[in-house]
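Participant: Coordinates in coords-v3.cif, mmCIF, C-alpha atoms, are listed below.
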data_work
#
loop_
_atom_site.label_atom_id
_atom_site.label_comp_id
_atom_site.auth_asym_id
_atom_site.auth_seq_id
_atom_site.Cartn_x
_atom_site.Cartn_y
_atom_site.Cartn_z
CA MET A 14 20.08 -39.95 -12.28
CA GLU A 15 16.54 -38.57 -12.05
CA LEU A 16 15.66 -41.22 -9.47
CA GLY A 17 18.64 -40.12 -7.40
CA TRP A 18 17.46 -36.50 -7.37
CA LEU A 19 13.96 -37.62 -6.41
CA LEU A 20 15.32 -39.65 -3.51
CA TRP A 21 17.48 -36.73 -2.34
CA GLY A 22 14.50 -34.39 -2.60
CA ALA A 23 12.29 -36.75 -0.65
CA ALA A 24 14.98 -37.13 2.02
CA VAL A 25 15.34 -33.34 2.39
CA LEU A 26 11.58 -32.85 2.66
CA LEU A 27 11.34 -35.64 5.24
CA LEU A 28 14.20 -34.10 7.24
CA LEU A 29 12.55 -30.66 7.17
CA HIS A 30 9.26 -32.21 8.26
CA LEU A 31 10.94 -33.96 11.19
CA LEU A 32 12.78 -30.79 12.21
CA MET A 33 9.54 -28.81 12.08
CA GLU A 34 7.85 -31.40 14.30
CA LEU A 35 10.71 -31.56 16.78
CA SER A 36 11.77 -27.91 16.90
CA PRO A 37 9.35 -24.98 17.25
CA ALA A 38 12.19 -22.62 16.27
CA VAL A 39 12.77 -24.44 12.98
CA ASN A 40 9.04 -24.62 12.30
CA PHE A 41 8.67 -20.88 12.94
CA ALA A 42 11.69 -19.94 10.82
CA LEU A 43 10.59 -22.07 7.87
CA ARG A 44 7.00 -20.81 7.94
CA ILE A 45 8.05 -17.17 8.23
CA GLY A 46 10.66 -17.68 5.53
CA PHE A 47 8.05 -19.18 3.24
CA TYR A 48 5.71 -16.26 3.98
CA TYR A 49 8.38 -13.74 2.97
CA VAL A 50 9.21 -15.68 -0.21
CA LEU A 51 5.50 -15.91 -1.05
CA CYS A 52 5.10 -12.14 -0.61
CA ILE A 53 8.14 -11.35 -2.77
CA VAL A 54 7.32 -13.80 -5.57
CA CYS A 55 3.60 -12.96 -5.73
CA SER A 56 4.35 -9.22 -5.65
CA GLY A 57 6.75 -9.64 -8.55
CA LEU A 58 4.21 -11.62 -10.57
CA THR A 59 1.26 -9.35 -9.72
CA ALA A 60 2.96 -6.01 -10.50
CA PRO A 61 3.03 -6.55 -14.31
CA VAL A 62 -0.64 -7.57 -14.21
CA CYS A 63 -1.53 -4.33 -12.40
CA LEU A 64 0.43 -2.32 -14.95
CA LEU A 65 -1.22 -4.07 -17.89
CA VAL A 66 -4.76 -3.86 -16.53
CA ASN A 67 -4.77 -0.40 -14.93
CA GLY A 68 -1.70 1.29 -16.37
CA GLY A 69 0.03 2.40 -13.16
CA ARG A 70 -0.51 3.55 -9.59
CA THR A 71 -4.23 3.43 -8.70
CA VAL A 72 -6.45 2.12 -5.92
CA LYS A 73 -8.13 -0.06 -8.57
CA ASN A 74 -5.08 -2.34 -8.41
CA MET A 75 -6.14 -3.35 -4.89
CA ARG A 76 -8.78 -5.62 -6.41
CA ILE A 77 -6.05 -7.62 -8.14
CA ILE A 78 -3.75 -7.59 -5.10
CA LYS A 79 -6.64 -8.61 -2.85
CA THR A 80 -7.46 -11.64 -5.02
CA VAL A 81 -3.85 -12.85 -4.85
CA VAL A 82 -3.29 -12.28 -1.13
CA LYS A 83 -6.58 -13.93 -0.14
CA SER A 84 -5.10 -17.22 -1.35
CA PHE A 85 -2.24 -17.03 1.20
CA LYS A 86 -4.41 -18.25 4.08
CA TYR A 87 -4.64 -21.71 2.51
CA PHE A 88 -0.86 -22.15 2.69
CA PHE A 89 -0.84 -21.48 6.43
CA GLY A 90 -4.08 -23.08 7.55
CA LEU A 91 -5.70 -19.80 8.59
CA ARG A 92 -9.48 -19.37 8.68
CA PHE A 93 -11.37 -16.09 8.90
CA GLU A 94 -14.76 -15.56 10.49
CA VAL A 95 -16.05 -12.16 9.41
CA LYS A 96 -19.00 -10.14 10.70
CA GLY A 97 -20.33 -6.67 9.96
CA LEU A 98 -19.17 -6.12 6.38
CA GLU A 99 -22.38 -4.16 5.81
CA ASN A 100 -20.91 -1.40 8.01
CA PHE A 101 -18.51 -0.52 5.18
CA GLU A 102 -21.52 0.47 3.06
CA VAL A 103 -21.48 4.17 3.95
CA GLU A 104 -21.93 6.81 1.31
CA GLY A 105 -18.79 8.74 0.53
CA PRO A 106 -15.35 8.65 2.18
CA ALA A 107 -14.55 7.24 5.61
CA ILE A 108 -11.61 6.52 7.89
CA ILE A 109 -11.18 2.83 8.72
CA VAL A 110 -9.10 2.03 11.82
CA SER A 111 -7.97 -1.42 12.94
CA ASN A 112 -5.63 -3.11 15.38
CA HIS A 113 -2.14 -3.97 14.11
CA GLN A 114 -0.59 -7.23 15.33
CA SER A 115 2.01 -8.67 12.98
CA ILE A 116 3.27 -9.14 9.43
CA LEU A 117 0.28 -11.47 8.97
CA ASP A 118 -2.07 -8.47 9.14
CA MET A 119 -1.85 -8.12 5.37
CA MET A 120 -3.86 -11.33 4.99
CA GLY A 121 -6.49 -10.04 7.39
CA LEU A 122 -6.60 -6.68 5.64
CA MET A 123 -7.20 -8.19 2.21
CA GLU A 124 -9.85 -10.54 3.59
CA VAL A 125 -12.22 -7.62 4.25
CA LEU A 126 -10.79 -4.66 2.30
CA PRO A 127 -13.65 -2.72 0.67
CA ASP A 128 -13.38 -1.38 -2.88
CA GLY A 129 -12.03 2.15 -3.20
CA CYS A 130 -9.94 1.97 -0.05
CA VAL A 131 -6.29 3.03 0.29
CA GLN A 132 -3.97 2.30 3.19
CA VAL A 133 -1.58 4.52 5.08
CA GLY A 134 1.80 2.82 5.57
CA LYS A 135 5.31 3.59 6.72
CA LYS A 136 7.67 5.11 4.16
CA GLU A 137 10.16 2.26 4.58
CA LEU A 138 7.78 -0.05 2.69
CA MET A 139 8.66 1.77 -0.53
CA TYR A 140 12.13 0.24 -0.43
CA ALA A 141 11.01 -3.35 0.19
CA GLY A 142 11.73 -4.62 -3.33
CA THR A 143 8.77 -6.09 -5.20
CA VAL A 144 6.61 -5.70 -2.08
CA GLY A 145 7.32 -1.97 -2.10
CA LEU A 146 6.49 -1.83 -5.80
CA ILE A 147 3.14 -3.55 -5.39
CA THR A 148 2.13 -1.36 -2.44
CA TYR A 149 3.04 1.70 -4.51
CA LEU A 150 0.97 0.45 -7.45
CA GLY A 151 -1.94 -0.23 -5.07
CA GLY A 152 -2.05 3.42 -4.06
CA VAL A 153 -0.71 3.04 -0.52
CA ILE A 154 -0.03 6.45 1.05
CA PHE A 155 3.43 6.53 2.61
CA ILE A 156 4.27 8.64 5.64
CA ASN A 157 7.53 9.31 7.44
CA ARG A 158 6.80 8.28 11.02
CA LYS A 159 10.04 9.88 12.24
CA SER A 160 8.97 13.32 11.08
CA THR A 161 5.85 14.71 12.76
CA THR A 162 5.77 17.71 10.44
CA SER A 163 6.02 15.54 7.33
CA ALA A 164 3.34 13.15 8.60
CA LYS A 165 0.93 16.03 9.31
CA MET A 166 1.48 17.47 5.83
CA VAL A 167 0.80 14.07 4.23
CA MET A 168 -2.35 13.56 6.30
CA ALA A 169 -3.60 17.02 5.27
CA GLU A 170 -3.17 16.01 1.63
CA VAL A 171 -4.87 12.68 2.37
CA ALA A 172 -7.93 14.56 3.61
CA LYS A 173 -8.16 16.51 0.35
CA THR A 174 -7.61 13.41 -1.80
CA MET A 175 -10.12 11.38 0.20
CA ILE A 176 -12.88 13.89 -0.46
CA ALA A 177 -11.92 14.64 -4.08
CA ASP A 178 -11.56 10.98 -5.10
CA ASN A 179 -14.32 9.64 -2.82
CA VAL A 180 -12.13 6.93 -1.27
CA LYS A 181 -11.88 5.34 2.16
CA VAL A 182 -8.57 5.40 4.04
CA TRP A 183 -7.35 2.51 6.23
CA VAL A 184 -5.13 3.48 9.18
CA TYR A 185 -3.49 1.52 12.02
CA PRO A 186 -3.83 4.00 14.92
CA GLU A 187 -1.46 2.06 17.20
CA GLY A 188 1.31 3.12 14.82
CA THR A 189 3.30 -0.11 15.12
CA ARG A 190 2.80 -3.86 15.38
CA ASN A 191 1.62 -5.16 18.72
CA CYS A 192 1.30 -8.91 19.30
CA THR A 193 0.54 -8.76 23.05
CA GLY A 194 -3.15 -9.55 22.82
CA ASP A 195 -4.02 -6.00 23.89
CA LEU A 196 -4.07 -2.56 22.24
CA LEU A 197 -1.36 0.07 22.40
CA PRO A 198 -2.50 3.67 23.00
CA PHE A 199 -3.89 5.19 19.80
CA LYS A 200 -2.16 8.01 17.98
CA LYS A 201 -4.58 10.80 17.08
CA GLY A 202 -3.65 11.36 13.42
CA ALA A 203 -6.47 9.26 11.98
CA PHE A 204 -9.03 10.94 14.20
CA HIS A 205 -7.80 14.44 13.37
CA LEU A 206 -8.15 13.41 9.72
CA ALA A 207 -11.72 12.17 10.23
CA VAL A 208 -12.78 15.34 12.03
CA GLN A 209 -11.02 17.59 9.51
CA ALA A 210 -12.82 15.87 6.63
CA GLN A 211 -16.06 15.39 8.62
CA VAL A 212 -16.23 11.71 7.62
CA PRO A 213 -17.20 8.70 9.78
CA VAL A 214 -14.73 6.43 11.54
CA ILE A 215 -15.28 2.70 10.96
CA PRO A 216 -13.49 0.48 13.51
CA VAL A 217 -12.34 -3.00 12.44
CA VAL A 218 -11.16 -5.46 15.08
CA TYR A 219 -9.22 -8.71 14.60
CA SER A 220 -9.08 -11.28 17.40
CA SER A 221 -5.73 -11.85 19.06
CA PHE A 222 -3.20 -13.93 17.09
CA THR A 223 -1.40 -15.09 20.25
CA THR A 224 -2.96 -18.56 20.27
CA PHE A 225 -1.31 -19.46 16.95
CA TYR A 226 1.31 -16.75 16.27
CA ASN A 227 3.90 -15.48 18.76
CA PRO A 228 7.46 -14.69 17.59
CA LYS A 229 8.77 -14.63 21.18
CA LYS A 230 7.67 -18.23 21.63
CA ASN A 231 8.53 -19.36 18.08
CA LEU A 232 4.86 -20.14 17.64
CA PHE A 233 3.30 -20.20 14.17
CA THR A 234 0.58 -22.78 13.57
CA SER A 235 -2.83 -22.85 11.91
CA GLY A 236 -5.68 -20.97 13.53
CA LYS A 237 -8.94 -19.03 13.27
CA ILE A 238 -9.14 -15.24 13.17
CA LYS A 239 -12.40 -13.52 14.05
CA VAL A 240 -12.96 -10.16 12.36
CA GLU A 241 -15.68 -7.69 13.21
CA VAL A 242 -16.47 -4.47 11.34
CA LEU A 243 -18.16 -2.17 13.85
CA PRO A 244 -20.82 0.45 13.11
CA PRO A 245 -19.51 3.82 11.85
CA ILE A 246 -18.87 6.58 14.37
CA GLU A 247 -20.07 9.91 12.99
CA THR A 248 -17.87 13.02 13.20
CA LYS A 249 -20.16 15.61 11.65
CA GLY A 250 -20.17 18.73 13.79
CA LEU A 251 -17.06 17.69 15.73
CA THR A 252 -14.03 19.98 15.96
CA SER A 253 -10.39 19.55 16.92
CA ASP A 254 -11.48 19.96 20.55
CA ASN A 255 -13.37 16.66 20.26
CA VAL A 256 -10.50 14.59 18.84
CA SER A 257 -9.29 13.27 22.20
CA ASP A 258 -12.77 12.12 23.19
CA LEU A 259 -13.29 10.54 19.76
CA THR A 260 -9.94 8.71 20.06
CA ASP A 261 -10.78 7.42 23.54
CA ARG A 262 -14.26 6.32 22.48
CA CYS A 263 -12.93 4.37 19.53
CA TYR A 264 -10.11 2.86 21.61
CA ASN A 265 -12.49 1.64 24.32
CA ILE A 266 -14.97 0.15 21.84
CA MET A 267 -12.20 -1.64 19.93
CA ARG A 268 -10.47 -2.89 23.06
CA GLU A 269 -13.67 -4.35 24.47
CA THR A 270 -14.38 -6.01 21.10
CA LEU A 271 -10.82 -7.38 20.89
CA PHE A 272 -11.18 -9.12 24.24
CA ARG A 273 -14.63 -10.45 23.36
CA LEU A 274 -13.47 -11.87 20.02
CA SER A 275 -10.40 -13.37 21.72
CA GLY A 276 -12.48 -15.20 24.34
CA ARG A 277 -11.68 -12.76 27.17
CA PRO A 278 -14.99 -10.88 27.67
CA GLY A 279 -15.08 -8.24 30.38
CA GLU A 280 -11.38 -7.38 30.39
CA GLY A 281 -11.71 -4.40 28.04
CA LYS A 282 -14.51 -2.80 30.09
CA ASP A 283 -12.06 -1.65 32.75
CA SER A 284 -10.14 0.66 30.39
CA SER A 285 -10.52 4.36 31.00
#
What's the structure tokens form of this structure?
Facilitator:
Amino acid sequence: MELGWLLWGAAVLLLLHLLMELSPAVNFALRIGFYYVLCIVCSGLTAPVCLLVNGGRTVKNMRIIKTVVKSFKYFFGLRFEVKGLENFEVEGPAIIVSNHQSILDMMGLMEVLPDGCVQVGKKELMYAGTVGLITYLGGVIFINRKSTTSAKMVMAEVAKTMIADNVKVWVYPEGTRNCTGDLLPFKKGAFHLAVQAQVPVIPVVYSSFTTFYNPKKNLFTSGKIKVEVLPPIETKGLTSDNVSDLTDRCYNIMRETLFRLSGRPGEGKDSS
């Protein structure tokens, strides 16, 4: 009986392997499905640990979450090449901004996430089962992207909390995922926040995922991701009148770096 189950199991695994080799769509669906299951299961297992160790919602839980998520890359054959981590070593709070490409960004985030850093995420994440629970326990700040007034109120509170608790805040200024290999125009919320709190902006750039991950082409293979933490951009002395220039400056620097890391040097220099 046990031998029969083993043979059936081996046959199913062999069939799945053949389907993955023959069909990119099947390969993509299975890998994405496994990624979702991994997120759900690991979130469910990690949440009790966070509660036992730190007692509830706190940015300290990010150390535990980071340790777990950093193991995900081995399941998917992803390698990270990181430069500039010393640029996180600024005294006091800071705003960290990075490009936002796909659901895989969580792995990239946890690969370099500094201690004492909280993320700003969409409110819908709160209702994502165990994933929502673990993001809540990790101190993620949720905003309602559909309500400009609500988002501004939350960001004003973030500024106060950032200074009072001496934490860094990680924001995706594009506002939504963008797997085109380029940057979407930046929203100004993060830069208003930096100027309001008079804290530096630290850009973080991830190379394009398009060579190994592209949902439109059912592409999901192994690959290397280059990450560069750029030098902080100071905001001391800036006012709300300078926010547009600050946003453009950061956008241009990050876009040029994105193309360089992705093997397309020169393309980002034409942006205005």
Participant: List the residues selected by the PyMOL selection byres ((chain A and resi 57) around 9) in the file shown, writing them as an MDAnalysis selection string.
Facilitator: chainID A and resid 52:56 58:61 142:144 146:147
Participant: Kindly give the distance, in Å, that separates atom CA of Val217 of chain A and atom CA of Ser111 of chain A, rounded to a single decimal.
Facilitator: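 Between these atoms lies a distance of 4.7 Å.
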Participant: Quick one: residues within 9 Å of Gly105 of chain A, all atoms listed in the file, excluding same-chain residues fewer than 6 positions away - as an MDAnalysis selection string?
Facilitator: chainID A and resid 176 179:181 212
Participant: Run the PyMOL selection byres ((chain A and resi 223) around 8) mentally over the shown coordinates, then write out the matched residues as a list in words, using the chain letters and numbers from the document.
Facilitator: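 Checking the PyMOL selection byres ((chain A and resi 223) around 8) against this file, the residues are Cys192, Thr193, Gly194, Ser221, Phe222, Thr224, Phe225, Tyr226 and Asn227 of chain A.
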Participant: Would you compute the distance between atom CA of Met120 of chain A and atom CA of Val182 of chain A? Give it in Å to one decimal.
Facilitator: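 So the answer is 17.4 Å.
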Participant: Restricting the calculation to all atoms listed in the file: of A:Leu98, A:Leu91, A:Leu274, A:Leu150, which residue gets closest to Asp118 of chain A?
Facilitator: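 Of A:Leu98, A:Leu91, A:Leu274, A:Leu150, the one nearest Asp118 of chain A, counting all atoms listed in the file, is A:Leu91.
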Participant: Which polymer residues, whether protein, DNA or RNA, lie within 12 Å of the coordinate (-9.4, 12.1, 22.3) when you count all atoms listed in the file? List them as number ranges by chain, using the chain letters and numbers from the file.
Facilitator: A: 198-205, 208, 251-265, 285
Participant: Under the rule that all atoms listed in the file are counted, which of A:Met267, A:Leu196, A:Leu232, A:Val242 is the nearest residue to Ala42 of chain A?
Facilitator: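 The answer is A:Leu232, which sits nearest to Ala42 of chain A.
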Participant: Of the residues A:Val110, A:Leu51, A:Val153, A:Met139, which is the one nearest to Lys73 of chain A, using all atoms listed in the file?
Facilitator: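 Of all the options, A:Val153 lies closest to Lys73 of chain A.
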Participant: Care to translate the PyMOL selection byres ((chain A and resi 97) around 9) into actual residues of this file, as an NGL selection string?
Facilitator: :A and (95-96 or 98-101 or 240-244)
Participant: Take the point (-13.6, -12.1, 2.7) as written in the file and pick out every residue within 9 Å of it, counting all atoms listed in the file; give the list as an mmCIF file with C-alpha atoms, keeping the file's coordinate frame.
Facilitator:
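Everything below was put into selection-v6.cif:
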data_model
loop_
_atom_site.group_PDB
_atom_site.id
_atom_site.type_symbol
_atom_site.label_atom_id
_atom_site.label_comp_id
_atom_site.auth_asym_id
_atom_site.auth_seq_id
_atom_site.Cartn_x
_atom_site.Cartn_y
_atom_site.Cartn_z
ATOM 1 C CA LYS A 83 -6.580 -13.930 -0.140
ATOM 2 C CA PHE A 93 -11.370 -16.090 8.900
ATOM 3 C CA GLU A 94 -14.760 -15.560 10.490
ATOM 4 C CA VAL A 95 -16.050 -12.160 9.410
ATOM 5 C CA LEU A 98 -19.170 -6.120 6.380
ATOM 6 C CA GLY A 121 -6.490 -10.040 7.390
ATOM 7 C CA MET A 123 -7.200 -8.190 2.210
ATOM 8 C CA GLU A 124 -9.850 -10.540 3.590
ATOM 9 C CA VAL A 125 -12.220 -7.620 4.250
ATOM 10 C CA LEU A 126 -10.790 -4.660 2.300
#
Participant: Would you mind telling me which residue in A:Lys136, A:Phe85, A:Met175, A:Gly90 lies nearest to Lys237 of chain A when using all atoms listed in the file?
Facilitator: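 The shortest atom-to-atom distance to Lys237 of chain A comes from A:Gly90.
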Participant: Assuming 3 Å of padding per side, give the centre and edge lengths of the axis-aligned box around every listed atom of segment 211-214 of chain A, in Å to one decimal and as lines of an AutoDock Vina configuration file.
Facilitator:
center_x = -16.0
center_y = 10.9
center_z = 9.6
size_x = 8.5
size_y = 15.0
size_z = 9.9
Participant: Between atom CA of Ile45 of chain A and atom CA of Thr189 of chain A, what distance in Å does the model show, to one decimal?
Facilitator: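 Rounded to one decimal, the two atoms are 19.0 Å apart.
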Participant: Would you please work out which residue, of A:Arg277, A:Trp183, A:Gly129, A:Met119, is nearest to Glu104 of chain A when using only C-alpha atoms?
Facilitator: A:Gly129
Participant: Would you pick out the contacts of Gln211 of chain A at 7 Å or less, using only C-alpha atoms, so that residues sharing its chain but fewer than 3 positions from it are not included, and give the list as an MDAnalysis selection string?
Facilitator: chainID A and resid 207:208 248:249
Participant: Could you tell me which of A:Gly145, A:Gly151, A:Pro216, A:Pro245 comes closest to Val131 of chain A if we count only C-alpha atoms?
Facilitator: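 Ranked by minimum distance to Val131 of chain A, first place goes to A:Gly151.
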Participant: Supply segment 36-57 of chain A as a PDB file, in the coordinates of the input, with N, CA and C atoms built in where the input has gaps.
Facilitator:
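Saved result, part_26.pdb, follows:
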ATOM      1  N   SER A  36      11.263 -29.201  16.468  1.00  0.00           N
ATOM      2  CA  SER A  36      11.770 -27.910  16.900  1.00  0.00           C
ATOM      3  C   SER A  36      10.821 -26.772  16.529  1.00  0.00           C
ATOM      4  N   PRO A  37      10.213 -26.136  17.524  1.00  0.00           N
ATOM      5  CA  PRO A  37       9.350 -24.980  17.250  1.00  0.00           C
ATOM      6  C   PRO A  37      10.106 -23.851  16.540  1.00  0.00           C
ATOM      7  N   ALA A  38      11.389 -23.682  16.879  1.00  0.00           N
ATOM      8  CA  ALA A  38      12.190 -22.620  16.270  1.00  0.00           C
ATOM      9  C   ALA A  38      12.368 -22.852  14.776  1.00  0.00           C
ATOM     10  N   VAL A  39      12.621 -24.105  14.397  1.00  0.00           N
ATOM     11  CA  VAL A  39      12.770 -24.440  12.980  1.00  0.00           C
ATOM     12  C   VAL A  39      11.445 -24.278  12.258  1.00  0.00           C
ATOM     13  N   ASN A  40      10.382 -24.741  12.889  1.00  0.00           N
ATOM     14  CA  ASN A  40       9.040 -24.620  12.300  1.00  0.00           C
ATOM     15  C   ASN A  40       8.701 -23.148  12.061  1.00  0.00           C
ATOM     16  N   PHE A  41       8.974 -22.311  13.066  1.00  0.00           N
ATOM     17  CA  PHE A  41       8.670 -20.880  12.940  1.00  0.00           C
ATOM     18  C   PHE A  41       9.501 -20.242  11.832  1.00  0.00           C
ATOM     19  N   ALA A  42      10.798 -20.534  11.816  1.00  0.00           N
ATOM     20  CA  ALA A  42      11.690 -19.940  10.820  1.00  0.00           C
ATOM     21  C   ALA A  42      11.297 -20.334   9.402  1.00  0.00           C
ATOM     22  N   LEU A  43      10.956 -21.599   9.205  1.00  0.00           N
ATOM     23  CA  LEU A  43      10.590 -22.070   7.870  1.00  0.00           C
ATOM     24  C   LEU A  43       9.264 -21.457   7.404  1.00  0.00           C
ATOM     25  N   ARG A  44       8.296 -21.367   8.309  1.00  0.00           N
ATOM     26  CA  ARG A  44       7.000 -20.810   7.940  1.00  0.00           C
ATOM     27  C   ARG A  44       7.097 -19.314   7.648  1.00  0.00           C
ATOM     28  N   ILE A  45       7.860 -18.601   8.475  1.00  0.00           N
ATOM     29  CA  ILE A  45       8.050 -17.170   8.230  1.00  0.00           C
ATOM     30  C   ILE A  45       8.839 -16.951   6.954  1.00  0.00           C
ATOM     31  N   GLY A  46       9.865 -17.775   6.753  1.00  0.00           N
ATOM     32  CA  GLY A  46      10.660 -17.680   5.530  1.00  0.00           C
ATOM     33  C   GLY A  46       9.814 -17.908   4.299  1.00  0.00           C
ATOM     34  N   PHE A  47       8.942 -18.905   4.368  1.00  0.00           N
ATOM     35  CA  PHE A  47       8.050 -19.180   3.240  1.00  0.00           C
ATOM     36  C   PHE A  47       7.089 -18.020   3.009  1.00  0.00           C
ATOM     37  N   TYR A  48       6.621 -17.399   4.097  1.00  0.00           N
ATOM     38  CA  TYR A  48       5.710 -16.260   3.980  1.00  0.00           C
ATOM     39  C   TYR A  48       6.391 -15.096   3.254  1.00  0.00           C
ATOM     40  N   TYR A  49       7.633 -14.822   3.632  1.00  0.00           N
ATOM     41  CA  TYR A  49       8.380 -13.740   2.970  1.00  0.00           C
ATOM     42  C   TYR A  49       8.589 -14.049   1.479  1.00  0.00           C
ATOM     43  N   VAL A  50       8.977 -15.285   1.193  1.00  0.00           N
ATOM     44  CA  VAL A  50       9.210 -15.680  -0.210  1.00  0.00           C
ATOM     45  C   VAL A  50       7.906 -15.563  -0.996  1.00  0.00           C
ATOM     46  N   LEU A  51       6.807 -15.985  -0.390  1.00  0.00           N
ATOM     47  CA  LEU A  51       5.500 -15.910  -1.050  1.00  0.00           C
ATOM     48  C   LEU A  51       5.141 -14.459  -1.363  1.00  0.00           C
ATOM     49  N   CYS A  52       5.391 -13.569  -0.402  1.00  0.00           N
ATOM     50  CA  CYS A  52       5.100 -12.140  -0.610  1.00  0.00           C
ATOM     51  C   CYS A  52       5.941 -11.569  -1.753  1.00  0.00           C
ATOM     52  N   ILE A  53       7.230 -11.894  -1.756  1.00  0.00           N
ATOM     53  CA  ILE A  53       8.140 -11.350  -2.770  1.00  0.00           C
ATOM     54  C   ILE A  53       7.796 -11.871  -4.163  1.00  0.00           C
ATOM     55  N   VAL A  54       7.598 -13.188  -4.267  1.00  0.00           N
ATOM     56  CA  VAL A  54       7.320 -13.800  -5.570  1.00  0.00           C
ATOM     57  C   VAL A  54       5.968 -13.326  -6.116  1.00  0.00           C
ATOM     58  N   CYS A  55       4.944 -13.356  -5.263  1.00  0.00           N
ATOM     59  CA  CYS A  55       3.600 -12.960  -5.730  1.00  0.00           C
ATOM     60  C   CYS A  55       3.550 -11.476  -6.072  1.00  0.00           C
ATOM     61  N   SER A  56       4.285 -10.645  -5.325  1.00  0.00           N
ATOM     62  CA  SER A  56       4.350  -9.220  -5.650  1.00  0.00           C
ATOM     63  C   SER A  56       4.976  -9.018  -7.020  1.00  0.00           C
ATOM     64  N   GLY A  57       6.065  -9.758  -7.273  1.00  0.00           N
ATOM     65  CA  GLY A  57       6.750  -9.640  -8.550  1.00  0.00           C
ATOM     66  C   GLY A  57       5.898 -10.091  -9.726  1.00  0.00           C
TER      67      GLY A  57
END
